[in-house]
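So this one's work-v4.txt, compact mmCIF, C-alpha atoms and all ligand atoms:
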# COMPACT_ATOMS: atom_id res chain seq x y z
CA MET A 10 83.58 135.51 -17.85
CA PHE A 11 79.85 134.88 -17.52
CA ASN A 12 77.30 133.85 -14.95
CA SER A 13 73.99 132.26 -15.88
CA LYS A 14 70.61 133.60 -14.82
CA ILE A 15 66.97 132.65 -15.21
CA ILE A 16 65.02 135.08 -17.40
CA GLY A 17 61.77 133.22 -18.08
CA LEU A 18 59.62 130.70 -16.24
CA GLY A 19 56.56 128.63 -17.11
CA LYS A 20 54.50 125.73 -15.86
CA TYR A 21 51.82 123.38 -17.11
CA LEU A 22 49.53 121.22 -14.98
CA PRO A 23 46.94 118.88 -16.50
CA GLU A 24 43.40 120.02 -15.76
CA ASN A 25 42.23 116.73 -14.25
CA ILE A 26 42.30 117.06 -10.43
CA VAL A 27 42.46 113.86 -8.36
CA THR A 28 41.60 114.46 -4.70
CA ASN A 29 42.37 112.19 -1.78
CA ALA A 30 38.64 111.43 -1.68
CA ASP A 31 38.88 110.20 -5.29
CA LEU A 32 41.67 107.82 -4.26
CA GLU A 33 39.59 106.54 -1.33
CA LYS A 34 37.15 105.20 -3.94
CA ILE A 35 39.74 103.02 -5.72
CA MET A 36 42.07 101.83 -2.93
CA GLU A 37 42.18 101.41 0.83
CA THR A 38 43.45 104.78 1.92
CA SER A 39 42.12 107.89 3.61
CA ASP A 40 42.38 111.62 3.26
CA ALA A 41 43.55 111.77 6.90
CA TRP A 42 46.38 109.25 6.33
CA ILE A 43 47.64 110.99 3.20
CA GLN A 44 47.49 114.49 4.67
CA GLU A 45 49.06 113.50 7.95
CA ARG A 46 51.99 111.63 6.34
CA THR A 47 52.59 113.80 3.25
CA GLY A 48 50.56 117.03 3.39
CA ILE A 49 49.06 116.23 -0.03
CA GLU A 50 45.40 117.17 -0.63
CA GLU A 51 45.16 116.66 -4.38
CA ARG A 52 47.29 116.07 -7.45
CA ARG A 53 46.87 116.28 -11.23
CA HIS A 54 46.62 113.21 -13.43
CA ILE A 55 46.62 113.36 -17.21
CA ALA A 56 43.20 112.26 -18.43
CA LYS A 57 43.82 109.43 -20.90
CA GLY A 58 43.40 110.62 -24.46
CA ASP A 59 43.71 114.34 -23.71
CA GLY A 60 46.77 114.55 -25.97
CA ASN A 61 49.27 115.19 -23.19
CA SER A 62 52.59 113.40 -22.87
CA THR A 63 55.76 114.10 -20.91
CA SER A 64 57.28 116.06 -23.80
CA MET A 65 54.04 117.88 -24.69
CA MET A 66 53.56 119.13 -21.12
CA GLY A 67 57.19 120.27 -21.26
CA VAL A 68 56.52 122.10 -24.52
CA LYS A 69 53.54 123.94 -22.98
CA ALA A 70 55.60 125.07 -19.99
CA ALA A 71 58.53 125.95 -22.28
CA ARG A 72 56.45 128.15 -24.59
CA ILE A 73 55.42 130.28 -21.60
CA ALA A 74 58.98 130.46 -20.25
CA ILE A 75 60.39 131.44 -23.67
CA GLU A 76 57.77 134.14 -24.18
CA ARG A 77 58.34 135.56 -20.69
CA ALA A 78 62.08 135.63 -21.46
CA GLY A 79 61.27 137.85 -24.46
CA LEU A 80 62.63 135.25 -26.85
CA VAL A 81 61.32 132.99 -29.60
CA PRO A 82 62.02 129.23 -29.70
CA GLN A 83 64.63 129.69 -32.43
CA ASP A 84 66.75 131.72 -29.95
CA ILE A 85 67.29 128.57 -27.84
CA ASP A 86 70.81 127.10 -28.22
CA PHE A 87 70.47 124.04 -26.02
CA ILE A 88 67.64 122.01 -24.46
CA LEU A 89 68.00 120.10 -21.20
CA PHE A 90 65.08 117.83 -20.35
CA ALA A 91 64.89 116.33 -16.86
CA THR A 92 62.50 113.41 -16.37
CA LEU A 93 62.17 109.87 -15.06
CA SER A 94 59.12 109.27 -17.25
CA PRO A 95 60.32 109.97 -20.81
CA ASP A 96 57.89 109.50 -23.69
CA TYR A 97 60.00 106.64 -25.04
CA TYR A 98 62.64 104.26 -23.74
CA PHE A 99 64.69 105.96 -26.46
CA PRO A 100 65.18 108.56 -27.86
CA GLY A 101 64.91 111.08 -25.05
CA SER A 102 62.13 113.64 -24.70
CA GLY A 103 64.42 116.64 -25.36
CA VAL A 104 64.50 115.97 -29.11
CA LEU A 105 60.70 115.78 -29.18
CA VAL A 106 60.57 119.24 -27.60
CA GLN A 107 63.05 120.55 -30.15
CA GLU A 108 60.84 119.26 -32.98
CA ALA A 109 57.60 120.54 -31.42
CA LEU A 110 59.10 124.00 -30.89
CA GLU A 111 60.25 124.01 -34.53
CA ILE A 112 63.85 124.69 -33.64
CA PRO A 113 65.64 123.46 -36.78
CA ASP A 114 68.80 122.21 -35.06
CA CYS A 115 69.94 122.52 -31.49
CA PRO A 116 71.41 119.97 -29.09
CA ALA A 117 68.85 118.38 -26.78
CA MET A 118 69.89 116.27 -23.83
CA ASP A 119 67.86 114.30 -21.30
CA ILE A 120 68.87 114.30 -17.66
CA ARG A 121 67.91 111.12 -15.81
CA MET A 122 68.35 112.14 -12.18
CA GLN A 123 64.78 111.69 -10.94
CA CYS A 124 63.77 114.09 -8.13
CA SER A 125 67.13 115.86 -8.39
CA GLY A 126 66.77 116.16 -12.17
CA PHE A 127 65.95 119.85 -12.32
CA VAL A 128 68.77 120.81 -9.95
CA TYR A 129 71.21 118.74 -12.02
CA ALA A 130 69.86 120.32 -15.21
CA VAL A 131 70.21 123.89 -13.93
CA ALA A 132 73.76 123.11 -12.78
CA THR A 133 74.54 121.66 -16.22
CA ALA A 134 73.05 124.64 -18.05
CA ASP A 135 75.04 126.94 -15.79
CA GLN A 136 78.31 125.27 -16.77
CA PHE A 137 77.59 125.42 -20.52
CA ILE A 138 76.67 129.09 -20.21
CA LYS A 139 79.68 129.99 -18.02
CA THR A 140 82.11 128.51 -20.56
CA GLY A 141 80.45 130.56 -23.30
CA MET A 142 79.48 127.47 -25.29
CA TYR A 143 75.75 128.25 -25.25
CA LYS A 144 73.87 131.46 -24.56
CA ASN A 145 70.17 130.62 -24.17
CA VAL A 146 69.41 127.28 -22.54
CA LEU A 147 65.90 125.87 -22.10
CA VAL A 148 65.67 123.72 -18.97
CA ILE A 149 62.55 121.58 -18.56
CA GLY A 150 61.36 119.24 -15.82
CA SER A 151 58.33 117.17 -16.77
CA GLU A 152 56.69 113.99 -15.49
CA TYR A 153 53.81 111.80 -16.56
CA HIS A 154 53.60 109.46 -13.57
CA SER A 155 49.94 108.58 -13.31
CA GLY A 156 49.75 106.10 -16.20
CA GLY A 157 52.49 103.97 -14.66
CA LEU A 158 51.38 103.82 -11.02
CA ASP A 159 49.81 100.85 -9.28
CA MET A 160 46.46 102.47 -8.44
CA THR A 161 45.38 99.62 -6.19
CA THR A 162 45.83 99.13 -2.44
CA ARG A 163 49.03 97.21 -3.22
CA GLY A 164 50.66 100.36 -4.61
CA ARG A 165 49.13 102.91 -2.23
CA ASN A 166 52.34 103.91 -0.42
CA ILE A 167 53.59 105.33 -3.74
CA SER A 168 50.56 106.07 -5.87
CA VAL A 169 49.01 108.60 -3.46
CA ILE A 170 52.20 110.69 -3.53
CA PHE A 171 52.96 111.27 -7.20
CA GLY A 172 51.37 113.64 -9.70
CA ASP A 173 51.82 114.84 -13.29
CA GLY A 174 53.04 118.23 -14.50
CA ALA A 175 55.82 120.27 -16.06
CA GLY A 176 57.88 123.37 -15.40
CA ALA A 177 60.47 125.16 -17.51
CA VAL A 178 62.97 127.98 -17.30
CA VAL A 179 65.09 129.84 -19.82
CA MET A 180 68.61 130.59 -18.67
CA THR A 181 70.95 133.04 -20.34
CA ARG A 182 74.35 134.59 -19.80
CA THR A 183 75.05 137.68 -17.74
CA GLU A 184 78.31 139.56 -17.39
CA ASN A 185 77.32 140.61 -13.87
CA LEU A 186 79.07 137.95 -11.80
CA SER A 187 77.23 138.90 -8.61
CA GLU A 188 73.85 137.77 -10.03
CA GLY A 189 72.35 134.53 -11.25
CA VAL A 190 73.55 131.07 -10.29
CA LEU A 191 76.28 131.62 -7.69
CA SER A 192 77.01 127.98 -6.96
CA SER A 193 75.64 124.49 -7.43
CA HIS A 194 76.32 121.32 -5.45
CA LEU A 195 75.62 117.83 -6.78
CA HIS A 196 75.87 114.41 -5.15
CA SER A 197 74.93 110.80 -5.69
CA GLN A 198 75.16 107.51 -3.81
CA GLY A 199 74.43 104.52 -6.05
CA LYS A 200 74.66 102.21 -3.07
CA TYR A 201 70.96 102.88 -2.55
CA ALA A 202 69.91 102.80 -6.22
CA GLU A 203 67.18 100.23 -5.67
CA GLU A 204 65.59 101.81 -2.58
CA LEU A 205 63.55 104.07 -4.88
CA SER A 206 63.45 102.62 -8.34
CA LEU A 207 61.59 101.11 -11.23
CA ILE A 208 63.76 98.28 -12.46
CA GLY A 209 61.77 96.23 -14.94
CA PRO A 210 62.14 95.64 -17.76
CA ASN A 211 65.88 96.09 -17.81
CA THR A 212 68.94 94.92 -19.70
CA GLY A 213 69.33 91.99 -17.32
CA ARG A 214 65.72 90.99 -17.96
CA TRP A 215 64.32 92.05 -21.29
CA VAL A 216 60.63 92.14 -22.16
CA PRO A 217 60.58 88.74 -23.98
CA GLU A 218 61.97 87.04 -20.87
CA ILE A 219 59.35 88.69 -18.65
CA MET A 220 56.57 87.74 -21.06
CA GLU A 221 57.79 84.17 -21.22
CA ALA A 222 57.84 83.88 -17.41
CA ASN A 223 54.25 85.22 -17.34
CA ASP A 224 54.52 85.62 -13.56
CA PRO A 225 51.53 87.53 -12.08
CA GLU A 226 53.61 88.21 -8.96
CA ASP A 227 56.20 90.12 -11.01
CA ILE A 228 55.40 93.80 -10.53
CA SER A 229 58.88 95.12 -11.28
CA TYR A 230 57.32 97.46 -13.86
CA TYR A 231 55.80 99.48 -10.98
CA PRO A 232 57.91 101.88 -8.93
CA TYR A 233 59.28 100.60 -5.63
CA MET A 234 60.03 102.83 -2.64
CA ASN A 235 61.42 102.01 0.77
CA GLY A 236 59.51 104.97 2.21
CA GLN A 237 60.95 105.24 5.70
CA PHE A 238 64.52 104.75 4.47
CA VAL A 239 64.02 107.41 1.80
CA PHE A 240 62.55 109.77 4.40
CA LYS A 241 65.48 109.32 6.80
CA ASN A 242 68.08 109.90 4.10
CA ALA A 243 66.18 112.83 2.61
CA VAL A 244 66.12 114.91 5.77
CA VAL A 245 69.88 114.42 6.28
CA ARG A 246 70.90 115.10 2.67
CA PHE A 247 68.61 118.13 2.24
CA ALA A 248 70.18 119.71 5.30
CA GLU A 249 73.74 118.88 4.25
CA VAL A 250 73.46 120.20 0.73
CA ILE A 251 71.74 123.43 1.76
CA LYS A 252 74.48 123.98 4.35
CA GLU A 253 77.07 123.36 1.63
CA GLY A 254 75.49 126.10 -0.48
CA LEU A 255 75.29 128.52 2.43
CA GLU A 256 78.98 127.99 3.19
CA LYS A 257 79.98 128.50 -0.45
CA THR A 258 78.00 131.74 -0.79
CA SER A 259 78.70 132.93 2.77
CA TRP A 260 74.96 133.43 3.25
CA SER A 261 73.41 132.82 6.62
CA ALA A 262 70.14 130.90 6.83
CA ASP A 263 68.21 134.04 7.75
CA GLN A 264 69.46 135.71 4.54
CA ILE A 265 67.61 133.12 2.43
CA ASP A 266 64.59 134.86 0.93
CA LEU A 267 63.10 131.71 -0.55
CA LEU A 268 63.99 128.06 -0.19
CA ILE A 269 62.30 125.96 -2.84
CA PRO A 270 62.73 122.35 -1.82
CA HIS A 271 61.84 119.56 -4.19
CA GLN A 272 58.22 118.83 -3.25
CA ALA A 273 58.80 115.28 -1.98
CA ASN A 274 56.73 115.36 1.17
CA LEU A 275 55.54 118.33 3.24
CA ARG A 276 56.92 116.65 6.38
CA ILE A 277 60.42 116.59 4.87
CA ALA A 278 60.17 120.29 3.94
CA GLN A 279 58.95 121.14 7.44
CA PHE A 280 61.83 119.23 9.00
CA VAL A 281 64.34 121.16 6.86
CA GLN A 282 62.60 124.47 7.64
CA LYS A 283 62.89 123.79 11.36
CA LYS A 284 66.50 122.66 11.06
CA PHE A 285 67.53 126.04 9.59
CA GLY A 286 65.12 128.08 11.71
CA LEU A 287 63.33 129.43 8.63
CA SER A 288 59.95 131.19 8.76
CA ASP A 289 56.96 130.04 6.70
CA ASP A 290 57.61 132.95 4.31
CA GLN A 291 61.10 131.66 3.58
CA VAL A 292 59.98 128.24 2.33
CA TYR A 293 57.76 127.61 -0.69
CA ASN A 294 55.47 124.59 -0.68
CA ASN A 295 52.76 123.61 -3.13
CA ILE A 296 52.81 119.83 -2.71
CA GLN A 297 49.36 120.16 -1.13
CA ARG A 298 47.92 120.86 -4.61
CA TYR A 299 50.17 118.88 -6.95
CA GLY A 300 51.72 116.00 -5.00
CA ASN A 301 55.27 115.02 -5.86
CA THR A 302 55.96 115.78 -9.52
CA THR A 303 59.60 114.65 -9.33
CA ALA A 304 61.78 116.61 -11.83
CA ALA A 305 58.92 119.05 -12.43
CA SER A 306 58.31 120.01 -8.82
CA ILE A 307 60.97 122.71 -8.43
CA PRO A 308 60.31 124.51 -11.73
CA ILE A 309 56.55 124.43 -11.07
CA ALA A 310 57.08 125.84 -7.56
CA LEU A 311 59.64 128.40 -8.75
CA THR A 312 57.26 129.58 -11.46
CA GLU A 313 54.38 129.93 -9.00
CA ALA A 314 56.56 131.80 -6.52
CA TRP A 315 57.65 134.16 -9.31
CA GLU A 316 54.04 134.63 -10.45
CA GLU A 317 53.09 135.51 -6.86
CA GLY A 318 55.81 138.19 -6.76
CA LYS A 319 57.94 136.31 -4.26
CA VAL A 320 60.95 136.24 -6.60
CA GLU A 321 62.30 139.49 -8.00
CA GLN A 322 65.59 141.20 -8.61
CA GLY A 323 67.79 140.79 -5.53
CA THR A 324 65.92 137.79 -4.08
CA LYS A 325 68.19 135.09 -2.68
CA VAL A 326 66.75 131.75 -3.82
CA VAL A 327 67.90 128.28 -2.79
CA LEU A 328 66.81 125.22 -4.78
CA ALA A 329 67.38 121.86 -3.09
CA ALA A 330 66.47 118.31 -4.00
CA PHE A 331 66.85 114.71 -2.94
CA GLY A 332 65.63 111.58 -4.63
CA SER A 333 66.15 108.28 -6.34
CA GLY A 334 69.74 107.28 -7.01
CA PHE A 335 70.15 108.39 -4.31
CA THR A 336 70.92 111.80 -5.78
CA TRP A 337 70.78 115.19 -4.18
CA GLY A 338 71.86 118.75 -4.87
CA SER A 339 71.37 122.46 -4.36
CA VAL A 340 71.61 125.63 -6.43
CA MET A 341 72.15 129.08 -4.92
CA ILE A 342 70.66 131.91 -6.99
CA GLN A 343 70.95 135.66 -6.55
CA TRP A 344 67.99 136.82 -8.66
C1 LIG B 1 55.65 106.98 2.08
C2 LIG B 1 55.46 107.49 3.51
C3 LIG B 1 54.47 108.65 3.48
C4 LIG B 1 54.87 106.35 4.31
O1 LIG B 1 54.72 106.76 5.65
P1 LIG B 1 55.22 105.82 6.83
O2 LIG B 1 54.85 106.45 8.08
O3 LIG B 1 56.65 105.52 6.57
O4 LIG B 1 54.31 104.57 6.60
P2 LIG B 1 54.72 103.06 6.48
O5 LIG B 1 55.25 102.76 5.12
O6 LIG B 1 55.55 102.65 7.66
O7 LIG B 1 53.32 102.41 6.59
C5 LIG B 1 52.53 102.54 7.78
C6 LIG B 1 51.20 101.86 7.52
O8 LIG B 1 50.44 102.63 6.60
C7 LIG B 1 50.02 101.83 5.52
N1 LIG B 1 49.93 102.64 4.31
C8 LIG B 1 50.88 102.84 3.36
N2 LIG B 1 50.39 103.66 2.42
C9 LIG B 1 49.14 103.98 2.77
C10 LIG B 1 48.15 104.79 2.20
N3 LIG B 1 48.32 105.45 1.05
N4 LIG B 1 46.97 104.89 2.85
C11 LIG B 1 46.74 104.26 4.00
N5 LIG B 1 47.66 103.48 4.59
C12 LIG B 1 48.84 103.32 3.99
C13 LIG B 1 51.05 100.72 5.44
O9 LIG B 1 50.54 99.59 4.80
C14 LIG B 1 51.34 100.48 6.89
O10 LIG B 1 50.35 99.68 7.43
P3 LIG B 1 50.69 98.57 8.55
O11 LIG B 1 51.24 99.35 9.72
O12 LIG B 1 49.37 97.94 8.79
O13 LIG B 1 51.70 97.67 7.92
C15 LIG B 1 56.78 107.95 4.14
O14 LIG B 1 57.62 106.85 4.38
C16 LIG B 1 57.50 108.94 3.31
O15 LIG B 1 57.04 110.03 3.10
N6 LIG B 1 58.71 108.59 2.79
C17 LIG B 1 59.43 109.46 1.94
C18 LIG B 1 58.78 109.43 0.61
C19 LIG B 1 59.33 110.42 -0.33
O16 LIG B 1 59.56 111.55 0.00
N7 LIG B 1 59.53 109.97 -1.57
C20 LIG B 1 59.95 110.78 -2.58
C21 LIG B 1 61.41 111.03 -2.43
S1 LIG B 1 61.93 112.07 -3.65

Target encoding structure tokens, full file:
Amino acid sequence: MFNSKIIGLGKYLPENIVTNADLEKIMETSDAWIQERTGIEERRHIAKGDGNSTSMMGVKAARIAIERAGLVPQDIDFILFATLSPDYYFPGSGVLVQEALEIPDCPAMDIRMQCSGFVYAVATADQFIKTGMYKNVLVIGSEYHSGGLDMTTRGRNISVIFGDGAGAVVMTRTENLSEGVLSSHLHSQGKYAEELSLIGPNTGRWVPEIMEANDPEDISYYPYMNGQFVFKNAVVRFAEVIKEGLEKTSWSADQIDLLIPHQANLRIAQFVQKKFGLSDDQVYNNIQRYGNTTAASIPIALTEAWEEGKVEQGTKVVLAAFGSGFTWGSVMIQW
């Protein structure tokens, strides 16, 4: 019998900082609007031609996580790569990481669960480790959003929110069943698949058909978000899935040392904090500096919290996410 635990963490953020004032220059928006609605002050965008890609950012975060775990890449038995912005339509980005890390042969699997991607990936790694199938699993969340956003006033409700970056953890087995991942809780509701989506091109409308139509009004290749509907569902689902984890572990809310919510919107995190009566110290937020980095947001935040000494042996950590799908989930960790 094994549990899984995190033994190494890393993050990578592109150097190029895009402030709200920078966005004011290219679309009709304002620093006040963005901060009031989302809490975001700045985000990182890959500078075109700087050599970064979704997989390469993941590799940079992974190298740090592997080194901090006291391992070398060849010790990794399995790669899980969570992203909604893979390098290619196919194959997935996980195999590109495997090649870049010079791991001769190990399974690499992409997880396409958007903002819940990292939570789904940790839960998946946990199951493979618990069964004994794999020992050291590299879990990456990485997103290159900026190149695919509508950076005009038309796309402002989405483009001001999202940023680029990557985070990674190494998980391994432990025989101590009172530490590590204690439980994970995953959900989805495809009924609302298109409320937060990027649908074109797709297998119902391939690229040649879109090119033939040559319709300037067709912007299905940009992300779409029904913002208020997403917000309303997010606050409900975050609360539900954290409660589910608390019930499973028999923890009370005041026993949570650190809640790391997916960095969707500071207002959503504040709503959840209030709902559970948590103090500022119990909730980690860094969306102010990075925006919403989707599958990368939790591993980036977890890494920063660990670097700041907020996560150490004995810390009770809750990861929770909600996003496109809709999908949502939580992971309860006794560090
Ligand atoms: C996106 C979000 C911030 C928008 O806030 P909102 O209060 O719902 O705003 P609305 O979409 O109703 O738009 C209000 C007005 O602001 C405008 N607006 C939208 N984006 C803007 C921007 N970046 N700058 C300035 N004005 C903007 C709208 O055009 C609208 O103008 P109108 O009243 O003249 O029509 C909010 O809905 C939200 O946070 N949703 C959840 C998003 C999220 O978490 N997504 C990730 C999930 S993982």

Could you give me the centre and size, in Å to one decimal, of an axis-aligned box around all listed atoms of stretch 199-211 of chain A with 3 Å added on every side, as JSON?
{"center_x": 68.1, "center_y": 100.1, "center_z": -10.2, "size_x": 19.1, "size_y": 14.9, "size_z": 21.3}

Spatial neighbours of A:Ser39, 9 Å, all atoms listed in the file, chain gap at least 5 places, as a PyMOL selection string: chain A and resi 29-30+32-33+44

Answer as a PyMOL selection string, residues within 7 Å of (58.2, 130.6, -19.1) using only C-alpha atoms: chain A and resi 17-20+70-78+177-179

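Comparing the minimum interatomic distances between A:Asp119 and each of A:Glu204, A:Leu147, A:Asp135, A:Met142, counting all atoms listed in the file, we find that A:Leu147 sits nearest.
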
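The binding environment of ligand LIG 1 (chain B), defined as every protein, DNA or RNA residue with an atom no more than 7 Å away and counting all atoms listed in the file, comprises Glu37, Thr38, Ser39, Trp42, Ile43, Arg46, Thr47, Cys124, Arg165, Asn166, Ile167, Val169, Gly236, Gln237, Val239, Phe240, Ala273, Asn274, Thr303, Phe331, Gly332 and Ser333 of chain A.
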
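Rounded to one decimal, atom CA of A:Asn145 and atom CA of A:Pro308 lie 17.0 Å from each other.
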
I'd like the interatomic distance between atom CA of A:Trp337 and atom CA of A:Lys241, to a tenth of an Å.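 Atom CA of A:Lys241 lies at a distance of 13.5 Å from atom CA of A:Trp337.
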
Record the distance separating atom CA of A:Gly164 and atom CA of A:Ile269, expressed in Å with one decimal.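 Computing the Euclidean distance for atom CA of A:Gly164 and atom CA of A:Ile269 yields 28.2 Å.
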
Could you name the residues that touch A:Thr302 at 6 Å or less, counting all atoms listed in the file, but leaving out those on the same chain fewer than 2 positions away, as a ChimeraX atom specification? /A:171-173,305-306

Could you name the residues that touch A:Leu105 at 9 Å or less, counting only C-alpha atoms, but leaving out those on the same chain fewer than 6 positions away, as JSON, numbers by chain? {"A": [64, 65, 68, 96, 117]}

Would you mind listing what lies within 10 Å of A:Glu321 as a CSV table (one decimal) with C-alpha atoms, keeping the file's coordinate frame, with all atoms listed in the file counted and same-chain residues fewer than 6 positions away left out?
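Dumped everything to selection.csv:
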chain,number,residue,atom,x,y,z
A,314,ALA,CA,56.6,131.8,-6.5
A,315,TRP,CA,57.6,134.2,-9.3
A,343,GLN,CA,71.0,135.7,-6.6
A,344,TRP,CA,68.0,136.8,-8.7
